[in-house]
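Below is the file input-v2.pdb, which contains PDB, C-alpha atoms, pLDDT in the B column.
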ATOM      1  CA  MET A   1      98.978  92.121 102.818  1.00 62.00           C
ATOM      2  CA  LEU A   2      97.080  92.340 106.093  1.00 59.00           C
ATOM      3  CA  ARG A   3      98.290  91.190 109.467  1.00 61.00           C
ATOM      4  CA  SER A   4      96.124  91.440 112.558  1.00 56.00           C
ATOM      5  CA  TYR A   5      97.136  91.565 116.204  1.00 51.00           C
ATOM      6  CA  ALA A   6      95.394  90.668 119.417  1.00 44.00           C
ATOM      7  CA  PRO A   7      94.752  93.243 122.147  1.00 40.00           C
ATOM      8  CA  TYR A   8      97.225  93.491 125.007  1.00 29.00           C
ATOM      9  CA  VAL A   9      96.255  91.067 127.782  1.00 29.00           C
ATOM     10  CA  GLY A  10      99.381  90.925 129.943  1.00 26.00           C
ATOM     11  CA  HIS A  11     101.681  89.485 127.295  1.00 25.00           C
ATOM     12  CA  ARG A  12     102.049  89.863 123.563  1.00 30.00           C
ATOM     13  CA  LEU A  13     100.090  87.363 121.495  1.00 31.00           C
ATOM     14  CA  LYS A  14     100.851  86.288 117.938  1.00 33.00           C
ATOM     15  CA  PRO A  15      97.550  85.450 116.218  1.00 36.00           C
ATOM     16  CA  PRO A  16      97.392  83.913 112.755  1.00 32.00           C
ATOM     17  CA  LEU A  17      97.432  86.151 109.708  1.00 33.00           C
ATOM     18  CA  HIS A  18      94.099  87.575 108.574  1.00 31.00           C
ATOM     19  CA  THR A  19      92.509  87.060 112.000  1.00 28.00           C
ATOM     20  CA  VAL A  20      90.880  90.157 113.453  1.00 38.00           C
ATOM     21  CA  PHE A  21      90.295  90.264 117.195  1.00 34.00           C
ATOM     22  CA  PRO A  22      87.769  92.537 118.926  1.00 37.00           C
ATOM     23  CA  LEU A  23      89.522  95.387 120.714  1.00 37.00           C
ATOM     24  CA  PRO A  24      88.157  96.610 124.064  1.00 35.00           C
ATOM     25  CA  PHE A  25      88.257 100.375 123.484  1.00 38.00           C
ATOM     26  CA  VAL A  26      85.850 103.177 124.275  1.00 37.00           C
ATOM     27  CA  GLY A  27      85.228 105.171 121.098  1.00 38.00           C
ATOM     28  CA  SER A  28      85.630 108.869 120.454  1.00 44.00           C
ATOM     29  CA  ASP A  29      82.664 110.883 119.205  1.00 58.00           C
ATOM     30  CA  MET A  30      84.864 112.187 116.379  1.00 85.00           C
ATOM     31  CA  TYR A  31      86.853 109.107 115.272  1.00 94.00           C
ATOM     32  CA  ASP A  32      86.265 105.428 115.881  1.00 95.00           C
ATOM     33  CA  ALA A  33      89.768 104.354 114.755  1.00 97.00           C
ATOM     34  CA  VAL A  34      93.161 105.893 114.060  1.00 98.00           C
ATOM     35  CA  ILE A  35      95.574 104.470 111.498  1.00 98.00           C
ATOM     36  CA  PHE A  36      99.231 105.416 111.263  1.00 98.00           C
ATOM     37  CA  ASP A  37     101.890 105.380 108.615  1.00 98.00           C
ATOM     38  CA  ASN A  38     104.955 103.699 110.119  1.00 98.00           C
ATOM     39  CA  ASP A  39     108.273 105.098 108.868  1.00 98.00           C
ATOM     40  CA  GLY A  40     108.608 108.759 109.790  1.00 98.00           C
ATOM     41  CA  VAL A  41     105.555 108.616 112.055  1.00 98.00           C
ATOM     42  CA  LEU A  42     106.045 105.806 114.575  1.00 98.00           C
ATOM     43  CA  VAL A  43     109.657 104.847 113.847  1.00 98.00           C
ATOM     44  CA  SER A  44     112.496 106.857 112.353  1.00 98.00           C
ATOM     45  CA  ARG A  45     113.067 106.746 108.628  1.00 97.00           C
ATOM     46  CA  THR A  46     115.699 104.502 107.059  1.00 97.00           C
ATOM     47  CA  PRO A  47     118.627 106.479 105.592  1.00 97.00           C
ATOM     48  CA  TYR A  48     118.470 106.713 101.811  1.00 97.00           C
ATOM     49  CA  ASP A  49     121.955 105.243 101.351  1.00 98.00           C
ATOM     50  CA  VAL A  50     120.894 102.075 103.208  1.00 98.00           C
ATOM     51  CA  LEU A  51     117.975 101.596 100.829  1.00 98.00           C
ATOM     52  CA  GLN A  52     120.167 102.327  97.824  1.00 98.00           C
ATOM     53  CA  GLU A  53     122.788  99.824  98.952  1.00 98.00           C
ATOM     54  CA  ALA A  54     120.074  97.160  98.911  1.00 98.00           C
ATOM     55  CA  VAL A  55     119.437  98.004  95.250  1.00 98.00           C
ATOM     56  CA  TRP A  56     123.149  97.762  94.371  1.00 98.00           C
ATOM     57  CA  ALA A  57     123.174  94.347  96.083  1.00 98.00           C
ATOM     58  CA  THR A  58     120.101  93.316  94.075  1.00 98.00           C
ATOM     59  CA  PHE A  59     121.830  94.062  90.791  1.00 98.00           C
ATOM     60  CA  ASP A  60     124.958  92.261  91.970  1.00 98.00           C
ATOM     61  CA  ALA A  61     122.957  89.163  92.942  1.00 98.00           C
ATOM     62  CA  ALA A  62     121.328  89.230  89.496  1.00 97.00           C
ATOM     63  CA  GLY A  63     124.752  89.172  87.833  1.00 97.00           C
ATOM     64  CA  VAL A  64     124.799  92.847  86.821  1.00 97.00           C
ATOM     65  CA  ALA A  65     128.194  94.007  88.046  1.00 93.00           C
ATOM     66  CA  ASP A  66     128.129  97.618  86.852  1.00 95.00           C
ATOM     67  CA  PRO A  67     124.565  98.941  86.551  1.00 97.00           C
ATOM     68  CA  ASP A  68     123.880 102.511  85.474  1.00 98.00           C
ATOM     69  CA  PRO A  69     123.814 104.580  88.713  1.00 97.00           C
ATOM     70  CA  SER A  70     120.723 106.450  87.523  1.00 97.00           C
ATOM     71  CA  LEU A  71     118.878 103.137  87.171  1.00 98.00           C
ATOM     72  CA  VAL A  72     119.976 102.102  90.659  1.00 98.00           C
ATOM     73  CA  GLU A  73     118.558 105.377  91.945  1.00 97.00           C
ATOM     74  CA  SER A  74     115.289 104.778  90.097  1.00 98.00           C
ATOM     75  CA  MET A  75     114.849 101.439  91.909  1.00 98.00           C
ATOM     76  CA  THR A  76     115.397 102.884  95.403  1.00 98.00           C
ATOM     77  CA  ILE A  77     112.221 104.824  96.282  1.00 96.00           C
ATOM     78  CA  ASP A  78     108.948 105.830  94.580  1.00 95.00           C
ATOM     79  CA  VAL A  79     109.261 102.987  92.088  1.00 97.00           C
ATOM     80  CA  SER A  80     106.589 102.058  89.547  1.00 97.00           C
ATOM     81  CA  PRO A  81     106.058  98.659  87.879  1.00 98.00           C
ATOM     82  CA  ALA A  82     106.806 100.233  84.483  1.00 98.00           C
ATOM     83  CA  GLU A  83     110.202 101.435  85.733  1.00 98.00           C
ATOM     84  CA  VAL A  84     111.046  97.977  87.063  1.00 98.00           C
ATOM     85  CA  ARG A  85     110.135  96.359  83.752  1.00 98.00           C
ATOM     86  CA  GLN A  86     112.150  98.925  81.810  1.00 98.00           C
ATOM     87  CA  VAL A  87     115.246  98.377  83.948  1.00 98.00           C
ATOM     88  CA  CYS A  88     114.875  94.610  83.711  1.00 98.00           C
ATOM     89  CA  ASP A  89     114.465  94.786  79.950  1.00 98.00           C
ATOM     90  CA  THR A  90     117.744  96.718  79.807  1.00 97.00           C
ATOM     91  CA  TYR A  91     119.639  93.926  81.570  1.00 98.00           C
ATOM     92  CA  GLY A  92     117.607  90.874  80.499  1.00 98.00           C
ATOM     93  CA  LEU A  93     116.186  90.178  83.962  1.00 98.00           C
ATOM     94  CA  ASP A  94     112.866  88.794  85.148  1.00 98.00           C
ATOM     95  CA  PRO A  95     110.974  91.760  86.683  1.00 98.00           C
ATOM     96  CA  GLU A  96     109.071  89.820  89.356  1.00 98.00           C
ATOM     97  CA  ALA A  97     112.181  87.961  90.529  1.00 98.00           C
ATOM     98  CA  PHE A  98     114.246  91.149  90.502  1.00 98.00           C
ATOM     99  CA  TRP A  99     111.705  93.052  92.572  1.00 98.00           C
ATOM    100  CA  ALA A 100     111.175  90.211  95.056  1.00 98.00           C
ATOM    101  CA  ARG A 101     114.941  90.108  95.645  1.00 98.00           C
ATOM    102  CA  ARG A 102     115.124  93.901  95.928  1.00 98.00           C
ATOM    103  CA  ASP A 103     112.350  93.905  98.565  1.00 98.00           C
ATOM    104  CA  ARG A 104     113.967  91.068 100.513  1.00 98.00           C
ATOM    105  CA  LEU A 105     117.375  92.758 100.600  1.00 98.00           C
ATOM    106  CA  SER A 106     115.801  96.080 101.525  1.00 98.00           C
ATOM    107  CA  ALA A 107     113.924  94.442 104.394  1.00 98.00           C
ATOM    108  CA  GLU A 108     117.087  92.731 105.636  1.00 98.00           C
ATOM    109  CA  ARG A 109     119.015  95.993 105.704  1.00 98.00           C
ATOM    110  CA  GLN A 110     116.242  97.846 107.483  1.00 98.00           C
ATOM    111  CA  GLN A 111     116.100  95.115 110.102  1.00 98.00           C
ATOM    112  CA  ALA A 112     119.857  95.436 110.562  1.00 98.00           C
ATOM    113  CA  GLU A 113     119.434  99.189 111.091  1.00 98.00           C
ATOM    114  CA  ALA A 114     116.904  98.505 113.839  1.00 98.00           C
ATOM    115  CA  ARG A 115     119.085  95.879 115.529  1.00 98.00           C
ATOM    116  CA  ALA A 116     122.004  98.327 115.490  1.00 98.00           C
ATOM    117  CA  GLY A 117     119.908 101.037 117.139  1.00 97.00           C
ATOM    118  CA  ARG A 118     119.939 103.344 114.141  1.00 97.00           C
ATOM    119  CA  LYS A 119     116.227 102.926 113.344  1.00 98.00           C
ATOM    120  CA  THR A 120     114.150 103.411 116.483  1.00 98.00           C
ATOM    121  CA  PRO A 121     110.659 104.391 117.641  1.00 98.00           C
ATOM    122  CA  TYR A 122     109.987 108.068 118.291  1.00 98.00           C
ATOM    123  CA  GLU A 123     110.046 108.996 121.963  1.00 97.00           C
ATOM    124  CA  ASP A 124     106.344 109.924 122.027  1.00 98.00           C
ATOM    125  CA  VAL A 125     105.103 106.470 120.956  1.00 98.00           C
ATOM    126  CA  PRO A 126     104.154 105.592 124.588  1.00 97.00           C
ATOM    127  CA  ALA A 127     101.430 108.256 124.238  1.00 97.00           C
ATOM    128  CA  LEU A 128      99.483 105.531 122.405  1.00 97.00           C
ATOM    129  CA  ASP A 129      98.857 103.951 125.826  1.00 96.00           C
ATOM    130  CA  ARG A 130      96.182 106.646 126.215  1.00 95.00           C
ATOM    131  CA  LEU A 131      94.416 106.031 122.910  1.00 95.00           C
ATOM    132  CA  SER A 132      90.679 105.538 123.392  1.00 90.00           C
ATOM    133  CA  VAL A 133      89.995 104.025 119.945  1.00 95.00           C
ATOM    134  CA  PRO A 134      91.403 101.032 118.023  1.00 96.00           C
ATOM    135  CA  ALA A 135      94.615 101.666 116.085  1.00 98.00           C
ATOM    136  CA  GLY A 136      96.256 100.271 112.972  1.00 98.00           C
ATOM    137  CA  ILE A 137      99.207 100.749 110.633  1.00 98.00           C
ATOM    138  CA  VAL A 138      99.320 101.173 106.857  1.00 98.00           C
ATOM    139  CA  SER A 139     102.807 101.313 105.365  1.00 98.00           C
ATOM    140  CA  SER A 140     104.261 101.362 101.864  1.00 98.00           C
ATOM    141  CA  ASN A 141     107.203  99.416 103.273  1.00 98.00           C
ATOM    142  CA  GLN A 142     107.404  95.635 103.049  1.00 97.00           C
ATOM    143  CA  GLN A 143     105.039  93.633 105.274  1.00 97.00           C
ATOM    144  CA  SER A 144     108.069  91.753 106.580  1.00 97.00           C
ATOM    145  CA  THR A 145     109.695  95.039 107.620  1.00 98.00           C
ATOM    146  CA  VAL A 146     106.551  96.277 109.367  1.00 98.00           C
ATOM    147  CA  ASP A 147     106.123  92.976 111.224  1.00 97.00           C
ATOM    148  CA  PHE A 148     109.773  92.882 112.271  1.00 98.00           C
ATOM    149  CA  LEU A 149     109.762  96.435 113.638  1.00 98.00           C
ATOM    150  CA  LEU A 150     106.586  95.881 115.633  1.00 98.00           C
ATOM    151  CA  ASP A 151     107.969  92.685 117.127  1.00 97.00           C
ATOM    152  CA  HIS A 152     111.516  93.979 117.686  1.00 98.00           C
ATOM    153  CA  PHE A 153     110.360  97.093 119.533  1.00 98.00           C
ATOM    154  CA  GLY A 154     107.421  95.438 121.306  1.00 97.00           C
ATOM    155  CA  LEU A 155     104.849  97.721 119.677  1.00 97.00           C
ATOM    156  CA  ASP A 156     102.371  95.195 118.313  1.00 93.00           C
ATOM    157  CA  SER A 157     100.124  95.387 121.393  1.00 95.00           C
ATOM    158  CA  TYR A 158      99.109  98.899 120.321  1.00 97.00           C
ATOM    159  CA  PHE A 159      97.615  97.849 116.994  1.00 98.00           C
ATOM    160  CA  GLY A 160      94.674  95.782 115.848  1.00 97.00           C
ATOM    161  CA  VAL A 161      96.004  95.487 112.301  1.00 98.00           C
ATOM    162  CA  ALA A 162      99.210  96.258 110.405  1.00 98.00           C
ATOM    163  CA  VAL A 163      99.220  96.365 106.606  1.00 98.00           C
ATOM    164  CA  GLY A 164     102.328  96.520 104.435  1.00 98.00           C
ATOM    165  CA  ARG A 165     103.281  95.663 100.864  1.00 97.00           C
ATOM    166  CA  GLU A 166     103.725  92.225  99.395  1.00 97.00           C
ATOM    167  CA  PRO A 167     107.058  91.735  97.541  1.00 96.00           C
ATOM    168  CA  THR A 168     105.346  91.919  94.135  1.00 97.00           C
ATOM    169  CA  LEU A 169     105.125  94.391  91.271  1.00 98.00           C
ATOM    170  CA  GLU A 170     101.377  94.591  91.773  1.00 97.00           C
ATOM    171  CA  SER A 171     101.926  95.983  95.271  1.00 98.00           C
ATOM    172  CA  LEU A 172     103.514  99.064  93.699  1.00 98.00           C
ATOM    173  CA  THR A 173     100.150  99.972  92.154  1.00 97.00           C
ATOM    174  CA  ARG A 174      98.354  99.429  95.484  1.00 98.00           C
ATOM    175  CA  LYS A 175     100.620 101.429  97.791  1.00 98.00           C
ATOM    176  CA  LYS A 176      99.863 104.987  98.856  1.00 98.00           C
ATOM    177  CA  PRO A 177      98.621 107.309  97.472  1.00 98.00           C
ATOM    178  CA  ALA A 178      96.241 104.548  96.369  1.00 98.00           C
ATOM    179  CA  ALA A 179      93.665 103.741  99.036  1.00 98.00           C
ATOM    180  CA  HIS A 180      93.956  99.935  98.669  1.00 98.00           C
ATOM    181  CA  TYR A 181      95.884  99.121 101.859  1.00 98.00           C
ATOM    182  CA  LEU A 182      94.188 101.873 103.857  1.00 98.00           C
ATOM    183  CA  ASP A 183      90.809 100.474 102.858  1.00 98.00           C
ATOM    184  CA  GLN A 184      91.952  97.046 104.082  1.00 97.00           C
ATOM    185  CA  ALA A 185      92.890  98.436 107.486  1.00 98.00           C
ATOM    186  CA  ILE A 186      89.666 100.415 107.821  1.00 98.00           C
ATOM    187  CA  GLU A 187      87.660  97.277 107.065  1.00 97.00           C
ATOM    188  CA  ALA A 188      89.702  95.166 109.494  1.00 97.00           C
ATOM    189  CA  LEU A 189      89.077  97.682 112.292  1.00 97.00           C
ATOM    190  CA  ASP A 190      85.386  97.903 111.349  1.00 96.00           C
ATOM    191  CA  ALA A 191      85.758 101.687 111.322  1.00 96.00           C
ATOM    192  CA  GLU A 192      83.211 104.168 109.983  1.00 95.00           C
ATOM    193  CA  SER A 193      85.112 107.388 110.774  1.00 95.00           C
ATOM    194  CA  ALA A 194      88.845 106.673 110.779  1.00 97.00           C
ATOM    195  CA  LEU A 195      91.707 109.158 111.021  1.00 98.00           C
ATOM    196  CA  PHE A 196      94.902 108.513 109.033  1.00 98.00           C
ATOM    197  CA  VAL A 197      98.180 109.956 110.342  1.00 98.00           C
ATOM    198  CA  GLY A 198     101.154 110.411 108.027  1.00 98.00           C
ATOM    199  CA  ASP A 199     104.216 112.477 107.195  1.00 98.00           C
ATOM    200  CA  ASN A 200     104.055 112.464 103.387  1.00 97.00           C
ATOM    201  CA  ASP A 201     101.865 113.962 100.695  1.00 98.00           C
ATOM    202  CA  SER A 202     101.098 110.406  99.583  1.00 98.00           C
ATOM    203  CA  ASP A 203      99.576 109.754 103.020  1.00 98.00           C
ATOM    204  CA  MET A 204      97.322 112.803 102.736  1.00 98.00           C
ATOM    205  CA  GLN A 205      96.284 111.749  99.227  1.00 98.00           C
ATOM    206  CA  ALA A 206      95.593 108.168 100.357  1.00 98.00           C
ATOM    207  CA  ALA A 207      93.319 109.490 103.107  1.00 98.00           C
ATOM    208  CA  GLU A 208      91.481 111.668 100.602  1.00 98.00           C
ATOM    209  CA  ASN A 209      91.154 108.725  98.211  1.00 98.00           C
ATOM    210  CA  ALA A 210      89.770 106.559 101.026  1.00 98.00           C
ATOM    211  CA  GLY A 211      87.322 109.271 102.096  1.00 97.00           C
ATOM    212  CA  VAL A 212      88.721 109.690 105.624  1.00 97.00           C
ATOM    213  CA  ASP A 213      90.229 112.566 107.592  1.00 97.00           C
ATOM    214  CA  SER A 214      93.989 113.025 107.694  1.00 97.00           C
ATOM    215  CA  ALA A 215      96.566 114.339 110.159  1.00 97.00           C
ATOM    216  CA  PHE A 216      99.982 115.515 109.012  1.00 98.00           C
ATOM    217  CA  ILE A 217     102.600 115.061 111.734  1.00 98.00           C
ATOM    218  CA  ARG A 218     105.500 117.514 111.742  1.00 97.00           C
ATOM    219  CA  ARG A 219     108.387 115.258 112.599  1.00 97.00           C
ATOM    220  CA  PRO A 220     111.836 116.951 112.409  1.00 95.00           C
ATOM    221  CA  HIS A 221     112.258 116.013 108.743  1.00 95.00           C
ATOM    222  CA  ARG A 222     108.923 117.696 107.931  1.00 95.00           C
ATOM    223  CA  ARG A 223     109.106 120.940 109.919  1.00 95.00           C
ATOM    224  CA  ASP A 224     108.952 123.194 106.864  1.00 95.00           C
ATOM    225  CA  HIS A 225     106.964 120.994 104.498  1.00 96.00           C
ATOM    226  CA  GLN A 226     103.594 122.249 103.263  1.00 96.00           C
ATOM    227  CA  PRO A 227     101.507 119.100 102.761  1.00 97.00           C
ATOM    228  CA  SER A 228      99.329 118.631  99.699  1.00 97.00           C
ATOM    229  CA  PRO A 229      96.487 117.898  99.569  1.00 97.00           C
ATOM    230  CA  THR A 230      95.643 119.963 102.640  1.00 97.00           C
ATOM    231  CA  PRO A 231      95.255 117.669 105.683  1.00 97.00           C
ATOM    232  CA  THR A 232      92.340 117.825 108.078  1.00 96.00           C
ATOM    233  CA  HIS A 233      94.759 118.376 110.973  1.00 96.00           C
ATOM    234  CA  VAL A 234      98.407 119.353 111.384  1.00 97.00           C
ATOM    235  CA  VAL A 235     100.021 118.116 114.606  1.00 97.00           C
ATOM    236  CA  ASP A 236     103.447 118.226 116.222  1.00 97.00           C
ATOM    237  CA  ASP A 237     103.411 114.856 117.956  1.00 97.00           C
ATOM    238  CA  LEU A 238     101.436 111.758 118.895  1.00 98.00           C
ATOM    239  CA  HIS A 239     100.136 113.381 122.071  1.00 97.00           C
ATOM    240  CA  GLU A 240      98.021 115.633 119.864  1.00 96.00           C
ATOM    241  CA  ILE A 241      96.700 112.617 117.968  1.00 97.00           C
ATOM    242  CA  VAL A 242      95.576 111.069 121.254  1.00 96.00           C
ATOM    243  CA  GLY A 243      93.815 114.332 122.060  1.00 93.00           C
ATOM    244  CA  LEU A 244      91.980 114.316 118.736  1.00 93.00           C
ATOM    245  CA  CYS A 245      90.672 110.820 119.480  1.00 88.00           C
ATOM    246  CA  ARG A 246      89.666 111.477 123.086  1.00 77.00           C
ATOM    247  CA  PRO A 247      85.935 111.488 123.877  1.00 67.00           C
ATOM    248  CA  PRO A 248      84.681 114.936 124.876  1.00 57.00           C
ATOM    249  CA  VAL A 249      84.176 115.614 128.577  1.00 53.00           C
ATOM    250  CA  GLN A 250      80.498 115.309 129.477  1.00 51.00           C
TER     251      GLN A 250
END
With the file now loaded, output its structure as structure tokens.
Amino acid sequence: MLRSYAPYVGHRLKPPLHTVFPLPFVGSDMYDAVIFDNDGVLVSRTPYDVLQEAVWATFDAAGVADPDPSLVESMTIDVSPAEVRQVCDTYGLDPEAFWARRDRLSAERQQAEARAGRKTPYEDVPALDRLSVPAGIVSSNQQSTVDFLLDHFGLDSYFGVAVGREPTLESLTRKKPAAHYLDQAIEALDAESALFVGDNDSDMQAAENAGVDSAFIRRPHRRDHQPSPTPTHVVDDLHEIVGLCRPPVQ
């Protein structure tokens, strides 16, 4: 799903979905847009136990009082449509309805984490004030979660487009490392030489699949990780991303 945002003009605007507004930026010679993953790049990651609790609640709401813990774990992260169907076959559930409920409950719990101050933007996010090219977001999280976080933290003025997953099984085949959502963002920003910034191997693979350069950001949870495939750039913070997108001094 694609959601577009208007440029900052003194107050935050809420344009309709699928509307792309021209952004008044001066381009870099190297990149004409920069696109970010969200969780672990712009905002802190959601604790695993919070995401898993949403899955337990999904089973409970479906009338499964004592699901196999290994199946609960399999529905928490890195889930495939085949795994959802297999789990639902085990308990006689409708896969689409089960997954829609799982995504809704996961989104609600992540929003609660943000309201409680446990999921917050990284302290270097204000560096994006100095970006000289249009920016976007591509996340494997729910579109509703992405939209909430941008609105809650007042970050939507930084981005021309924000793309997250729909609450459907099909979205699980489109998320990173597939290039589907990244391609949507690149098209929305009318970019010819975009840079994609992420903290996971799936981000680096999505960039490779989309044919764009990548930047691996070494947030605290990724200090010792060796990304694969090899990214175009490895950076420590968003200040370095701004530098990569800055036009050269004439």
Written as a ChimeraX atom specification, which residues does the PyMOL selection byres ((chain A and resi 95) around 12) give for the file shown? /A:58-59,62,75,80-94,96-102,167-170
For the residues in the current selection, export C-alpha atoms as a compact mmCIF listing (two decimals), keeping the file's coordinate frame.
# COMPACT_ATOMS: atom_id res chain seq x y z
CA THR A 58 120.10 93.32 94.08
CA PHE A 59 121.83 94.06 90.79
CA ALA A 62 121.33 89.23 89.50
CA MET A 75 114.85 101.44 91.91
CA SER A 80 106.59 102.06 89.55
CA PRO A 81 106.06 98.66 87.88
CA ALA A 82 106.81 100.23 84.48
CA GLU A 83 110.20 101.44 85.73
CA VAL A 84 111.05 97.98 87.06
CA ARG A 85 110.14 96.36 83.75
CA GLN A 86 112.15 98.92 81.81
CA VAL A 87 115.25 98.38 83.95
CA CYS A 88 114.88 94.61 83.71
CA ASP A 89 114.46 94.79 79.95
CA THR A 90 117.74 96.72 79.81
CA TYR A 91 119.64 93.93 81.57
CA GLY A 92 117.61 90.87 80.50
CA LEU A 93 116.19 90.18 83.96
CA ASP A 94 112.87 88.79 85.15
CA GLU A 96 109.07 89.82 89.36
CA ALA A 97 112.18 87.96 90.53
CA PHE A 98 114.25 91.15 90.50
CA TRP A 99 111.70 93.05 92.57
CA ALA A 100 111.18 90.21 95.06
CA ARG A 101 114.94 90.11 95.64
CA ARG A 102 115.12 93.90 95.93
CA PRO A 167 107.06 91.74 97.54
CA THR A 168 105.35 91.92 94.14
CA LEU A 169 105.12 94.39 91.27
CA GLU A 170 101.38 94.59 91.77
For Ala191 (chain A), which residue out of A:Gln142, A:Ala33, A:Ser157, A:Arg115 is the nearest one, using all atoms listed in the file?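 Among the listed residues, the smallest separation from Ala191 (chain A) belongs to A:Ala33.
Atom pair CA of Asp190 (chain A) / CA of Leu244 (chain A) has a distance of 19.2 Å (rounded to one decimal).
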In Å, rounded to a single decimal, give me how far CA of Asp39 (chain A) is from CA of Phe216 (chain A).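 Answer for the CA of Phe216 (chain A) to CA of Asp39 (chain A) separation: 13.3 Å.
Atom pair CA of Val43 (chain A) / CA of Thr120 (chain A): separated by 5.4 Å.
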Listed atoms of region 237-244 of chain A, axis-aligned box, 4 Å per side: centre and edge lengths to one decimal in Å, as JSON?
{"center_x": 97.7, "center_y": 113.4, "center_z": 120.0, "size_x": 19.4, "size_y": 12.6, "size_z": 12.1}
List every residue of region 51-156 of chain A that has an atom at most 8 Å from any atom of region 161-164 of chain A, giving for each one its closest atom pair and the distance in Å to one decimal, counting only C-alpha atoms, sorted by chain and then by ascending residue number, as JSON lines.
{"residue": "A:Ala135", "atom": "CA", "partner": "A:Val161", "partner_atom": "CA", "distance": 7.4}
{"residue": "A:Gly136", "atom": "CA", "partner": "A:Val161", "partner_atom": "CA", "distance": 4.8}
{"residue": "A:Ile137", "atom": "CA", "partner": "A:Ala162", "partner_atom": "CA", "distance": 4.5}
{"residue": "A:Val138", "atom": "CA", "partner": "A:Val163", "partner_atom": "CA", "distance": 4.8}
{"residue": "A:Ser139", "atom": "CA", "partner": "A:Gly164", "partner_atom": "CA", "distance": 4.9}
{"residue": "A:Ser140", "atom": "CA", "partner": "A:Gly164", "partner_atom": "CA", "distance": 5.8}
{"residue": "A:Asn141", "atom": "CA", "partner": "A:Gly164", "partner_atom": "CA", "distance": 5.8}
{"residue": "A:Gln142", "atom": "CA", "partner": "A:Gly164", "partner_atom": "CA", "distance": 5.3}
{"residue": "A:Gln143", "atom": "CA", "partner": "A:Gly164", "partner_atom": "CA", "distance": 4.0}
{"residue": "A:Ser144", "atom": "CA", "partner": "A:Gly164", "partner_atom": "CA", "distance": 7.8}
{"residue": "A:Val146", "atom": "CA", "partner": "A:Gly164", "partner_atom": "CA", "distance": 6.5}
{"residue": "A:Asp147", "atom": "CA", "partner": "A:Ala162", "partner_atom": "CA", "distance": 7.7}
